[in-house]
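Data block for target_39.csv (CSV, C-alpha atoms and all ligand atoms):
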```csv
chain,number,residue,atom,x,y,z
A,1,MET,CA,80.8,110.5,82.1
A,2,THR,CA,83.0,109.0,79.5
A,3,PRO,CA,82.0,105.8,77.7
A,4,LEU,CA,82.9,102.7,79.6
A,5,GLY,CA,86.5,101.6,79.3
A,6,ARG,CA,87.7,104.9,78.0
A,7,PRO,CA,90.0,106.9,80.3
A,8,ALA,CA,88.6,110.1,81.6
A,9,VAL,CA,92.1,111.6,81.7
A,10,ARG,CA,95.0,110.6,79.5
A,11,LEU,CA,98.6,112.0,79.5
A,12,LEU,CA,100.8,110.8,76.6
A,13,GLY,CA,104.5,111.4,76.9
A,14,VAL,CA,103.9,114.8,78.6
A,15,THR,CA,107.0,116.9,79.4
A,16,LYS,CA,107.1,120.3,81.0
A,17,THR,CA,110.4,122.1,81.6
A,18,TYR,CA,111.0,125.2,83.6
A,19,GLY,CA,114.6,126.4,82.8
A,20,ALA,CA,116.9,123.5,82.4
A,21,VAL,CA,115.2,120.7,84.4
A,22,PRO,CA,112.0,119.0,83.5
A,23,ALA,CA,109.4,119.4,86.2
A,24,VAL,CA,107.4,116.6,84.5
A,25,ASP,CA,109.4,114.3,82.3
A,26,ALA,CA,107.8,112.1,79.6
A,27,VAL,CA,104.8,111.1,81.8
A,28,ASP,CA,102.1,108.8,80.6
A,29,LEU,CA,98.9,108.6,82.7
A,30,ASP,CA,95.5,107.0,82.3
A,31,VAL,CA,92.8,107.8,84.9
A,32,LEU,CA,89.8,105.7,84.3
A,33,ASP,CA,86.2,106.9,84.6
A,34,GLY,CA,85.2,107.1,88.3
A,35,GLU,CA,88.7,106.3,89.5
A,36,LEU,CA,90.4,108.2,92.4
A,37,VAL,CA,94.1,108.3,91.7
A,38,THR,CA,96.5,109.7,94.4
A,39,VAL,CA,99.8,111.2,93.4
A,40,ILE,CA,102.6,111.3,95.9
A,41,GLY,CA,106.3,112.1,95.9
A,42,PRO,CA,108.9,114.3,97.5
A,43,SER,CA,108.6,118.1,97.4
A,44,GLY,CA,109.4,119.4,94.0
A,45,CYS,CA,108.9,116.1,92.1
A,46,GLY,CA,106.3,117.5,89.8
A,47,LYS,CA,103.0,116.5,91.4
A,48,SER,CA,101.3,120.0,91.2
A,49,THR,CA,102.7,120.5,87.7
A,50,VAL,CA,100.9,117.3,86.6
A,51,LEU,CA,97.6,118.8,87.9
A,52,ARG,CA,98.3,122.2,86.4
A,53,LEU,CA,98.9,120.6,83.0
A,54,ILE,CA,95.6,118.6,83.2
A,55,ALA,CA,93.8,121.8,84.2
A,56,GLY,CA,95.3,123.8,81.4
A,57,LEU,CA,97.1,126.2,83.7
A,58,GLU,CA,100.4,125.1,82.0
A,59,ARG,CA,101.1,124.0,78.5
A,60,PRO,CA,103.2,120.8,77.9
A,61,ASP,CA,106.4,121.2,75.9
A,62,THR,CA,105.8,117.9,74.3
A,63,GLY,CA,103.2,115.2,74.5
A,64,ALA,CA,99.4,115.3,74.5
A,65,ILE,CA,96.6,115.5,77.1
A,66,VAL,CA,93.2,114.0,76.4
A,67,LEU,CA,90.1,114.6,78.5
A,68,ALA,CA,87.0,112.5,77.9
A,69,GLY,CA,88.3,111.5,74.5
A,70,HIS,CA,89.1,115.0,73.3
A,71,GLU,CA,92.7,116.3,72.9
A,72,VAL,CA,93.0,119.4,75.0
A,73,ALA,CA,96.8,119.9,74.6
A,74,GLY,CA,99.1,118.6,72.0
A,75,PRO,CA,99.7,118.7,68.3
A,76,ALA,CA,96.0,119.5,67.7
A,77,GLY,CA,96.1,122.7,69.8
A,78,PHE,CA,95.4,123.9,73.3
A,79,VAL,CA,92.0,124.2,75.0
A,80,PRO,CA,92.0,126.9,77.7
A,81,PRO,CA,91.2,125.9,81.3
A,82,GLU,CA,87.7,127.3,81.3
A,83,ARG,CA,86.7,125.1,78.5
A,84,ARG,CA,88.1,121.8,79.9
A,85,ARG,CA,85.4,120.7,82.3
A,86,VAL,CA,87.9,120.3,85.1
A,87,GLY,CA,87.1,121.0,88.8
A,88,LEU,CA,89.8,122.3,91.1
A,89,VAL,CA,90.2,122.1,94.8
A,90,PHE,CA,93.2,123.6,96.4
A,91,GLN,CA,94.7,123.6,99.9
A,92,ASP,CA,93.6,127.2,100.6
A,93,HIS,CA,90.0,126.7,99.5
A,94,ALA,CA,90.2,129.8,97.2
A,95,LEU,CA,86.6,130.8,97.8
A,96,PHE,CA,85.4,134.3,96.9
A,97,PRO,CA,85.2,136.1,100.3
A,98,HIS,CA,82.6,138.6,99.2
A,99,LEU,CA,80.2,135.9,97.9
A,100,THR,CA,77.9,133.7,99.9
A,101,VAL,CA,78.3,129.9,99.9
A,102,ALA,CA,75.5,129.5,97.4
A,103,ARG,CA,77.0,132.2,95.1
A,104,ASN,CA,80.4,130.7,95.4
A,105,VAL,CA,79.0,127.4,94.2
A,106,ALA,CA,76.9,129.0,91.5
A,107,PHE,CA,80.0,130.8,90.1
A,108,GLY,CA,80.8,128.2,87.4
A,109,LEU,CA,77.1,127.7,86.4
A,110,ASP,CA,76.5,131.0,84.6
A,111,ARG,CA,75.5,129.1,81.4
A,112,LEU,CA,72.5,127.6,83.2
A,113,GLU,CA,69.2,129.5,83.4
A,114,ARG,CA,68.4,130.7,86.9
A,115,GLY,CA,66.0,127.9,88.0
A,116,ARG,CA,68.3,125.1,86.9
A,117,ARG,CA,71.3,126.9,88.4
A,118,ASP,CA,69.6,127.3,91.8
A,119,ALA,CA,68.5,123.6,91.7
A,120,ARG,CA,72.0,122.5,91.0
A,121,VAL,CA,73.5,124.6,93.8
A,122,ARG,CA,70.9,123.1,96.2
A,123,GLU,CA,71.8,119.6,95.0
A,124,VAL,CA,75.5,119.9,95.4
A,125,LEU,CA,75.3,121.7,98.8
A,126,GLY,CA,73.0,118.8,99.9
A,127,LEU,CA,75.7,116.4,98.7
A,128,VAL,CA,78.3,118.0,101.0
A,129,ARG,CA,75.7,118.5,103.7
A,130,LEU,CA,75.9,122.3,103.7
A,131,GLY,CA,72.4,123.1,102.6
A,132,ASP,CA,71.7,125.0,105.8
A,133,LEU,CA,74.7,127.3,105.4
A,134,ALA,CA,74.0,128.5,101.8
A,135,GLY,CA,73.6,132.1,102.9
A,136,ARG,CA,76.8,132.3,104.9
A,137,TYR,CA,80.1,134.0,103.8
A,138,PRO,CA,83.3,132.0,103.8
A,139,HIS,CA,84.7,133.7,106.9
A,140,GLU,CA,81.7,132.5,108.8
A,141,LEU,CA,82.7,128.8,108.1
A,142,SER,CA,85.2,126.4,109.7
A,143,GLY,CA,88.1,125.3,107.6
A,144,GLY,CA,86.5,121.9,107.0
A,145,GLU,CA,83.2,123.6,105.9
A,146,GLN,CA,85.1,125.9,103.5
A,147,GLN,CA,86.8,122.8,101.9
A,148,ARG,CA,83.4,121.2,101.5
A,149,VAL,CA,82.2,124.4,99.7
A,150,ALA,CA,85.2,124.2,97.5
A,151,LEU,CA,84.4,120.7,96.6
A,152,ALA,CA,80.7,121.6,95.9
A,153,ARG,CA,81.9,124.4,93.6
A,154,ALA,CA,84.2,122.0,91.8
A,155,LEU,CA,81.4,119.4,91.4
A,156,ALA,CA,78.6,121.7,90.4
A,157,PRO,CA,79.4,121.9,86.6
A,158,GLU,CA,79.7,118.1,86.4
A,159,PRO,CA,83.3,118.1,85.5
A,160,THR,CA,85.1,115.3,83.6
A,161,VAL,CA,87.6,115.2,86.5
A,162,VAL,CA,88.2,116.9,89.8
A,163,LEU,CA,91.8,117.8,90.6
A,164,LEU,CA,92.7,118.2,94.3
A,165,ASP,CA,96.0,119.7,95.3
A,166,GLU,CA,96.9,118.9,98.9
A,167,PRO,CA,93.3,119.7,99.9
A,168,PHE,CA,93.6,118.8,103.5
A,169,SER,CA,97.0,120.1,104.5
A,170,SER,CA,95.8,123.4,105.9
A,171,LEU,CA,93.5,121.5,108.3
A,172,ASP,CA,94.7,120.3,111.7
A,173,GLU,CA,95.3,116.6,112.3
A,174,THR,CA,91.9,115.7,113.8
A,175,LEU,CA,89.8,117.7,111.4
A,176,ARG,CA,91.9,116.4,108.4
A,177,ALA,CA,90.8,112.8,108.9
A,178,GLN,CA,87.1,113.8,109.2
A,179,VAL,CA,87.1,116.2,106.2
A,180,ARG,CA,89.0,113.7,104.1
A,181,ALA,CA,86.4,111.0,104.9
A,182,GLU,CA,83.6,113.4,104.0
A,183,LEU,CA,85.2,114.6,100.7
A,184,VAL,CA,86.2,111.2,99.6
A,185,GLY,CA,82.7,109.9,100.5
A,186,VAL,CA,81.2,112.5,98.2
A,187,LEU,CA,83.6,111.7,95.3
A,188,ARG,CA,82.7,108.0,95.7
A,189,GLU,CA,79.0,108.6,96.0
A,190,THR,CA,78.9,110.7,92.8
A,191,GLY,CA,81.3,108.4,90.9
A,192,THR,CA,83.5,111.4,90.2
A,193,THR,CA,86.9,110.8,88.5
A,194,ALA,CA,89.5,112.5,90.7
A,195,VAL,CA,93.3,113.0,90.9
A,196,LEU,CA,94.5,113.9,94.4
A,197,VAL,CA,98.0,115.2,95.1
A,198,THR,CA,99.3,114.6,98.6
A,199,HIS,CA,102.6,114.4,100.5
A,200,ASP,CA,101.0,112.1,103.1
A,201,GLN,CA,101.8,108.4,102.6
A,202,THR,CA,98.9,107.2,104.7
A,203,GLU,CA,96.5,109.4,102.8
A,204,ALA,CA,97.8,108.2,99.4
A,205,LEU,CA,97.4,104.6,100.4
A,206,SER,CA,94.0,104.9,102.2
A,207,VAL,CA,92.2,107.1,99.7
A,208,GLY,CA,93.5,106.0,96.2
A,209,ASP,CA,92.2,103.3,94.0
A,210,ARG,CA,95.6,103.6,92.5
A,211,VAL,CA,98.7,105.4,93.8
A,212,VAL,CA,101.2,107.1,91.5
A,213,VAL,CA,104.7,107.6,93.1
A,214,MET,CA,106.7,110.3,91.5
A,215,ARG,CA,110.3,111.2,91.7
A,216,ALA,CA,112.2,114.0,89.9
A,217,GLY,CA,109.5,114.5,87.3
A,218,ARG,CA,109.1,110.8,86.5
A,219,VAL,CA,106.8,108.1,87.6
A,220,GLU,CA,108.7,105.6,89.8
A,221,GLN,CA,105.7,103.3,90.2
A,222,THR,CA,102.0,103.1,89.8
A,223,GLY,CA,99.7,100.5,91.3
A,224,THR,CA,97.1,99.7,93.8
A,225,PRO,CA,97.9,100.8,97.4
A,226,GLN,CA,98.8,97.2,98.2
A,227,GLU,CA,101.1,97.0,95.2
A,228,VAL,CA,103.1,100.1,96.0
A,229,PHE,CA,103.4,99.2,99.7
A,230,GLU,CA,103.9,95.5,99.5
A,231,ARG,CA,105.6,95.2,96.1
A,232,PRO,CA,107.6,98.4,95.8
A,233,ALA,CA,109.3,98.6,92.4
A,234,SER,CA,112.5,100.2,93.8
A,235,ARG,CA,114.4,101.1,96.8
A,236,PHE,CA,113.0,104.6,96.6
A,237,VAL,CA,109.4,103.5,96.6
A,238,ALA,CA,110.1,101.0,99.5
A,239,SER,CA,111.5,103.8,101.7
A,240,PHE,CA,109.2,106.5,100.6
A,241,MET,CA,106.0,104.6,101.1
A,242,GLY,CA,106.5,103.8,104.8
A,243,ASP,CA,109.4,102.8,107.0
A,244,ALA,CA,111.8,100.3,105.5
A,245,ASP,CA,115.2,98.8,106.5
A,246,PHE,CA,117.4,96.9,104.1
A,247,LEU,CA,119.6,93.9,104.9
A,248,PRO,CA,122.0,92.1,102.6
A,249,ALA,CA,120.5,88.7,101.9
A,250,HIS,CA,121.3,85.5,100.0
A,251,VAL,CA,119.2,83.2,97.9
A,252,HIS,CA,120.4,79.6,98.5
A,253,PRO,CA,119.5,76.7,96.3
A,254,GLU,CA,117.5,74.2,98.4
A,255,ARG,CA,116.3,70.8,97.5
A,256,GLY,CA,113.4,71.5,95.1
A,257,GLY,CA,113.5,75.3,95.6
A,258,ALA,CA,115.3,78.2,97.1
A,259,LEU,CA,115.7,79.7,100.5
A,260,LEU,CA,116.2,83.4,101.4
A,261,THR,CA,118.4,84.1,104.5
A,262,CYS,CA,119.8,87.2,106.0
A,263,GLU,CA,121.5,88.3,109.2
A,264,ILE,CA,118.3,87.7,111.2
A,265,GLY,CA,117.8,84.2,109.9
A,266,ILE,CA,115.5,82.6,107.4
A,267,VAL,CA,113.3,85.1,105.6
A,268,SER,CA,111.2,82.7,103.5
A,269,THR,CA,111.3,80.1,100.8
A,270,LEU,CA,111.2,81.5,97.2
A,271,PRO,CA,108.8,79.5,95.1
A,272,GLY,CA,110.0,79.5,91.4
A,273,TRP,CA,113.6,80.4,92.3
A,274,GLY,CA,114.8,76.7,92.4
A,275,GLY,CA,118.6,76.3,92.0
A,276,THR,CA,119.3,80.1,92.3
A,277,ASP,CA,122.4,81.2,94.2
A,278,ALA,CA,122.5,85.0,94.4
A,279,ASP,CA,123.2,88.0,96.6
A,280,VAL,CA,120.3,90.4,97.0
A,281,GLU,CA,119.0,92.8,99.6
A,282,VAL,CA,115.7,92.2,101.5
A,283,VAL,CA,113.3,95.0,102.4
A,284,LEU,CA,112.1,94.7,106.0
A,285,ARG,CA,109.3,96.9,107.4
A,286,PRO,CA,109.1,97.3,111.2
A,287,HIS,CA,105.8,95.3,111.3
A,288,GLU,CA,107.7,92.4,109.7
A,289,VAL,CA,110.4,92.1,112.3
A,290,ALA,CA,109.7,90.1,115.5
A,291,LEU,CA,111.7,90.6,118.7
A,292,THR,CA,112.4,88.2,121.6
A,293,ALA,CA,114.2,89.1,124.8
A,294,GLY,CA,117.8,87.9,125.2
A,295,ALA,CA,120.5,87.3,122.7
A,296,ASP,CA,123.0,84.6,122.0
A,297,HIS,CA,125.7,86.1,119.7
A,298,ALA,CA,126.2,82.7,118.1
A,299,THR,CA,122.7,82.7,116.7
A,300,ALA,CA,121.1,84.8,113.9
A,301,GLY,CA,119.4,88.0,114.7
A,302,ALA,CA,121.3,88.9,117.9
A,303,GLY,CA,121.3,92.5,118.8
A,304,VAL,CA,120.8,95.3,121.3
A,305,VAL,CA,118.0,97.8,121.6
A,306,THR,CA,119.3,101.3,120.9
A,307,ASP,CA,116.0,103.3,120.8
A,308,VAL,CA,112.4,102.9,122.0
A,309,GLU,CA,109.8,105.2,120.6
A,310,TYR,CA,106.4,105.2,122.3
A,311,HIS,CA,103.5,105.7,119.8
A,312,GLY,CA,100.6,104.7,122.0
A,313,ALA,CA,99.1,101.5,120.8
A,314,PHE,CA,102.5,100.4,119.4
A,315,VAL,CA,106.1,100.9,120.4
A,316,LEU,CA,108.8,101.3,117.8
A,317,HIS,CA,112.1,99.6,118.8
A,318,THR,CA,115.4,100.2,117.0
A,319,VAL,CA,117.9,97.3,117.3
A,320,ARG,CA,121.6,97.3,116.4
A,321,LEU,CA,122.6,93.9,115.1
A,322,THR,CA,125.9,92.3,115.5
A,323,SER,CA,127.0,93.5,112.1
A,324,GLY,CA,126.3,97.1,113.2
A,325,ARG,CA,123.3,97.4,110.9
A,326,THR,CA,120.1,98.7,112.4
A,327,LEU,CA,116.6,97.4,112.1
A,328,ARG,CA,113.2,98.7,113.4
A,329,SER,CA,110.4,96.6,114.9
A,330,TRP,CA,106.9,97.5,115.9
A,331,GLN,CA,105.9,95.9,119.2
A,332,PRO,CA,102.5,95.9,120.8
A,333,HIS,CA,101.8,98.4,123.6
A,334,ALA,CA,102.4,95.9,126.3
A,335,VAL,CA,105.8,94.8,125.1
A,336,ARG,CA,108.7,97.1,125.8
A,337,HIS,CA,112.4,96.1,125.6
A,338,PRO,CA,114.4,98.8,127.3
A,339,VAL,CA,117.3,100.6,125.6
A,340,GLY,CA,120.4,98.5,126.1
A,341,ALA,CA,118.5,95.2,126.4
A,342,PRO,CA,119.8,92.2,124.4
A,343,VAL,CA,117.2,91.0,121.9
A,344,THR,CA,116.9,88.5,119.1
A,345,ALA,CA,115.3,89.7,115.9
A,346,SER,CA,113.6,87.5,113.4
A,347,VAL,CA,111.3,87.8,110.4
A,348,VAL,CA,107.6,87.3,111.1
A,349,PRO,CA,106.2,84.0,109.6
A,350,GLY,CA,104.4,84.1,106.2
A,351,LEU,CA,106.3,87.1,104.8
A,352,THR,CA,106.5,87.4,101.0
A,353,PRO,CA,109.6,89.5,100.8
A,354,THR,CA,110.6,92.3,98.5
A,355,LEU,CA,114.1,91.7,97.1
A,356,LEU,CA,116.4,94.4,95.7
A,357,ARG,CA,119.3,94.2,93.4
A,358,GLY,CA,120.9,97.6,93.2
A,359,ASP,CA,118.0,100.1,93.4
A,360,ARG,CA,115.4,98.0,91.6
A,361,ALA,CA,113.2,95.3,93.0
A,362,VAL,CA,113.7,91.8,91.6
A,363,THR,CA,110.9,89.3,91.3
A,364,SER,CA,112.4,86.3,89.4
A,365,PRO,CA,115.8,84.5,89.0
A,366,ALA,CA,116.2,86.2,85.6
A,367,ASP,CA,116.4,89.5,87.4
A,368,VAL,CA,119.5,88.5,89.3
A,369,ALA,CA,121.3,86.9,86.4
A,370,GLY,CA,123.3,90.0,85.3
A,371,PRO,CA,125.2,92.7,87.2
A,372,ALA,CA,123.2,94.8,89.7
A,373,ASP,CA,121.6,98.0,88.5
A,374,GLY,CA,122.7,101.1,90.3
A,375,ASP,CA,121.0,104.5,90.3
A,376,ALA,CA,123.1,105.3,87.3
A,377,ALA,CA,121.3,102.7,85.2
A,378,PRO,CA,119.0,104.3,82.6
A,379,ARG,CA,115.4,104.3,83.7
A,380,GLY,CA,112.7,103.4,81.3
A,381,ARG,CA,110.1,105.9,80.1
A,382,SER,CA,107.8,106.9,83.0
A,383,THR,CA,104.4,105.4,83.0
A,384,LEU,CA,101.3,105.8,85.2
A,385,ARG,CA,99.4,102.9,83.6
A,386,SER,CA,98.8,99.9,85.7
A,401,LIG,N1,106.2,128.4,87.5
A,401,LIG,C1,107.4,127.8,87.7
A,401,LIG,N2,108.5,128.4,87.3
A,401,LIG,C2,109.7,127.7,87.5
A,401,LIG,N3,109.8,126.6,88.1
A,401,LIG,C3,108.7,126.0,88.6
A,401,LIG,C4,107.4,126.5,88.4
A,401,LIG,N4,106.5,125.7,88.9
A,401,LIG,C5,107.2,124.6,89.4
A,401,LIG,N5,108.5,124.8,89.2
A,401,LIG,C6,109.5,123.8,89.5
A,401,LIG,O1,109.2,122.6,89.0
A,401,LIG,C7,109.4,121.5,89.9
A,401,LIG,C8,108.1,120.7,90.2
A,401,LIG,O2,107.3,121.6,91.0
A,401,LIG,P1,105.9,121.1,91.5
A,401,LIG,O3,105.2,122.3,92.2
A,401,LIG,O4,105.1,120.4,90.4
A,401,LIG,O5,106.3,120.0,92.6
A,401,LIG,P2,105.5,119.3,93.7
A,401,LIG,O6,105.8,117.9,93.7
A,401,LIG,O7,104.1,119.7,93.6
A,401,LIG,O8,106.1,120.0,95.0
A,401,LIG,P3,105.5,120.3,96.5
A,401,LIG,O9,105.1,119.0,97.1
A,401,LIG,O10,106.6,121.0,97.2
A,401,LIG,O11,104.3,121.1,96.3
A,401,LIG,C9,110.1,122.1,91.1
A,401,LIG,O12,111.5,122.0,91.0
A,401,LIG,C10,109.6,123.6,91.0
A,401,LIG,O13,110.6,124.4,91.6
```
Now that the file is in, can you turn its structure into structure tokens?
Amino acid sequence: MTPLGRPAVRLLGVTKTYGAVPAVDAVDLDVLDGELVTVIGPSGCGKSTVLRLIAGLERPDTGAIVLAGHEVAGPAGFVPPERRRVGLVFQDHALFPHLTVARNVAFGLDRLERGRRDARVREVLGLVRLGDLAGRYPHELSGGEQQRVALARALAPEPTVVLLDEPFSSLDETLRAQVRAELVGVLRETGTTAVLVTHDQTEALSVGDRVVVMRAGRVEQTGTPQEVFERPASRFVASFMGDADFLPAHVHPERGGALLTCEIGIVSTLPGWGGTDADVEVVLRPHEVALTAGADHATAGAGVVTDVEYHGAFVLHTVRLTSGRTLRSWQPHAVRHPVGAPVTASVVPGLTPTLLRGDRAVTSPADVAGPADGDAAPRGRSTLRS
């Protein structure tokens, strides 16, 4: 473990370019000791490259990487992967097929004398509850068991950090949830620092202490799961981290404050926005939109149901509003408005809305004072710090 307060992993302005386009572009990252950070973003955004850089499987073009206080890549030189104390767990398990479970786990422990090595193998196999299968070969194990062996092997040398690249994506849906719970349980139990790459939004939110959302080699936002879901920093994060619809909205000065309205009516008051008069957009997630049967086209929120998607416990309704814009709404199992039915949409009470100007979220009147930023606006240096 690293001394308290010091990050276990640190990336400082790291860039890695293949050909002309940076796969990782000026990324800063601090992963604190014992923290589990999830990294998510569209295919090709640089997630795996971040892991490969930390592991030492790639060299950064610029910037520095520090593990447990020691620079492993940067101006001071380059420490090869085998000397970095980094554990790796990949999607395909990457176990040695000709070695038993115990010998797979012992593989990285060749510097320990036999007695200590055997004891450590027993200890980590116990942690992943595979003590009874130590003599089996990988092909005699289920996919979930193989992934637990891969984690045991990664943990055995007591690494500074364990890097997991889409570790559950080769498992089927049911098994995935179970193996994920088991692996994350072991990481928590052992206080292991870990960085987990995933393309699954639910996984990123449910597993991470912090979530890093990447886009085109850069960090779009980093924060707690609640922050990236409930306070997205941009249009991209809002729509990538869950379903989101966007409606034009207006901030009105109100006596003693400000009121946010949109086509489906009043969204909320905006404490601290007193006297502001501005056009914005509001982000509405389907669980934030209520529906009532019937529509009067003279009132806010009138629309017609255009699609009903049954998901079991909840039913997703798509509604076309009078303006032609569409909005989605989760309704409980028992509520079903048929396609073609007139409905009135409104915002659920108590919402603290996310507002956008251009592609960036705005959080104060000062943010709406100037012209709206578009995608063309220069983005700041990427940062993964909270
Ligand atoms: N060895 C390589 N040579 C050339 N280009 C590469 C190499 N590795 C990655 N890239 C490119 O770098 C970019 C980032 O790749 P990376 O694998 O890090 O993305 P990712 O976010 O992990 O994607 P995915 O979710 O599809 O696995 C992509 O455009 C990819 O094509």
Quiz item: Which protein, DNA or RNA residues have an atom within 10 Å of ligand LIG 401 (chain A), counting only C-alpha atoms and all ligand atoms, as a VMD selection string?
Solution: chain A and resid 16 to 24 39 to 53 58 165 to 166 197 to 199 214 to 217
Practice problem: Show which residues sit within 9 Å of Ala73 in chain A, as a PyMOL selection string. Count all atoms listed in the file, and ignore same-chain residues fewer than 6 positions away. | Solution: chain A and resi 53-54+56+59-60+63-66+79
Exercise. Skip Val184 in chain A itself and residues of its chain fewer than 5 positions away, then list as a list in words all residues within 9 Å of it, counting all atoms listed in the file.
Key: Leu36, Val179, Glu189 and Val207 of chain A
Residue selection dump (C-alpha atoms) as a JSON list (two decimals), in the coordinates of the input:
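Saved result, again38.json, follows:
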```json
[["chain", "number", "residue", "atom", "x", "y", "z"],
["A", 36, "LEU", "CA", 90.40, 108.20, 92.40],
["A", 179, "VAL", "CA", 87.10, 116.20, 106.20],
["A", 189, "GLU", "CA", 79.00, 108.60, 96.00],
["A", 207, "VAL", "CA", 92.20, 107.10, 99.70]]
```
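Closest approach to Gly191 in chain A among A:Pro271, A:Gly256, A:Pro159, A:Pro167: A:Pro159, based on all atoms listed in the file.
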Self-check item: Separation of CA of Ser170 in chain A from CA of Val37 in chain A, in Å and rounded to one decimal
Solution: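 Calculated distance between CA of Ser170 in chain A and CA of Val37 in chain A is 20.8 Å.
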Quiz item: Got a sec: who's within 12 Å of Arg129 in chain A, counting only C-alpha atoms, leaving out chain neighbours fewer than 4 positions off, as JSON, numbers by chain?
Solution: {"A": [121, 122, 123, 124, 125, 133, 134, 144, 145, 146, 148, 149, 151, 152, 179, 182, 183, 185, 186]}
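Here CA of Arg328 in chain A stands at a distance of 28.3 Å from CA of Ser169 in chain A.
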Exercise. Please provide as number ranges by chain all residues within 10 Å of Leu247 in chain A, with the sequence filter that same-chain residues fewer than 2 positions apart are discarded (counting all atoms listed in the file).
Key: A: 245, 249-250, 261-264, 280-284, 325-327, 355-356
Exercise. Tell me which of A:Arg218, A:Arg84, A:His139, A:Arg114 sits closest to Val101 in chain A, counting only C-alpha atoms.
Key: A:His139
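Picture a line from CA of Gly135 in chain A to CA of Glu113 in chain A; it runs 20.2 Å.
Summary of the local environment: counting only C-alpha atoms, residues at most 9 Å from Val335 in chain A, other than itself and those fewer than 4 positions away along its chain, are A:Phe314, A:Val315, A:Gln331.
Nearest residue to Val362 in chain A among A:Leu29, A:Leu270, A:Leu316, A:Leu164 is A:Leu270, counting all atoms listed in the file.
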Might I get the box with edges along x, y and z of the file that holds all atoms of range 212-219 of chain A listed there, padded by 5 Å on every side, given as centre and edge lengths in Å to one decimal, as lines of an AutoDock Vina configuration file?
```
center_x = 106.7
center_y = 110.8
center_z = 89.8
size_x = 21.0
size_y = 17.4
size_z = 16.6
```
Quiz item: Out of A:Arg153, A:Arg336, A:His311, A:Arg235, which residue has the shortest atom-to-atom distance to Ala361 in chain A when counting all atoms listed in the file?
Solution: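 Once distances to Ala361 in chain A are computed over all atoms listed in the file, the minimum belongs to A:Arg235.
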Quiz item: From the set A:Ala366, A:Leu321, A:Leu171, A:Glu227, which residue has the shortest atom-to-atom contact distance to Gln91 in chain A, counting all atoms listed in the file?
Solution: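 Smallest separation from Gln91 in chain A among the options: A:Leu171.
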Quiz prompt | Of the listed residues A:Ala102, A:Ala150, A:Val72, A:Val339, that which approaches Phe90 in chain A most closely, counting all atoms listed in the file | solution =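 Ranked by minimum distance to Phe90 in chain A, first place goes to A:Ala150.
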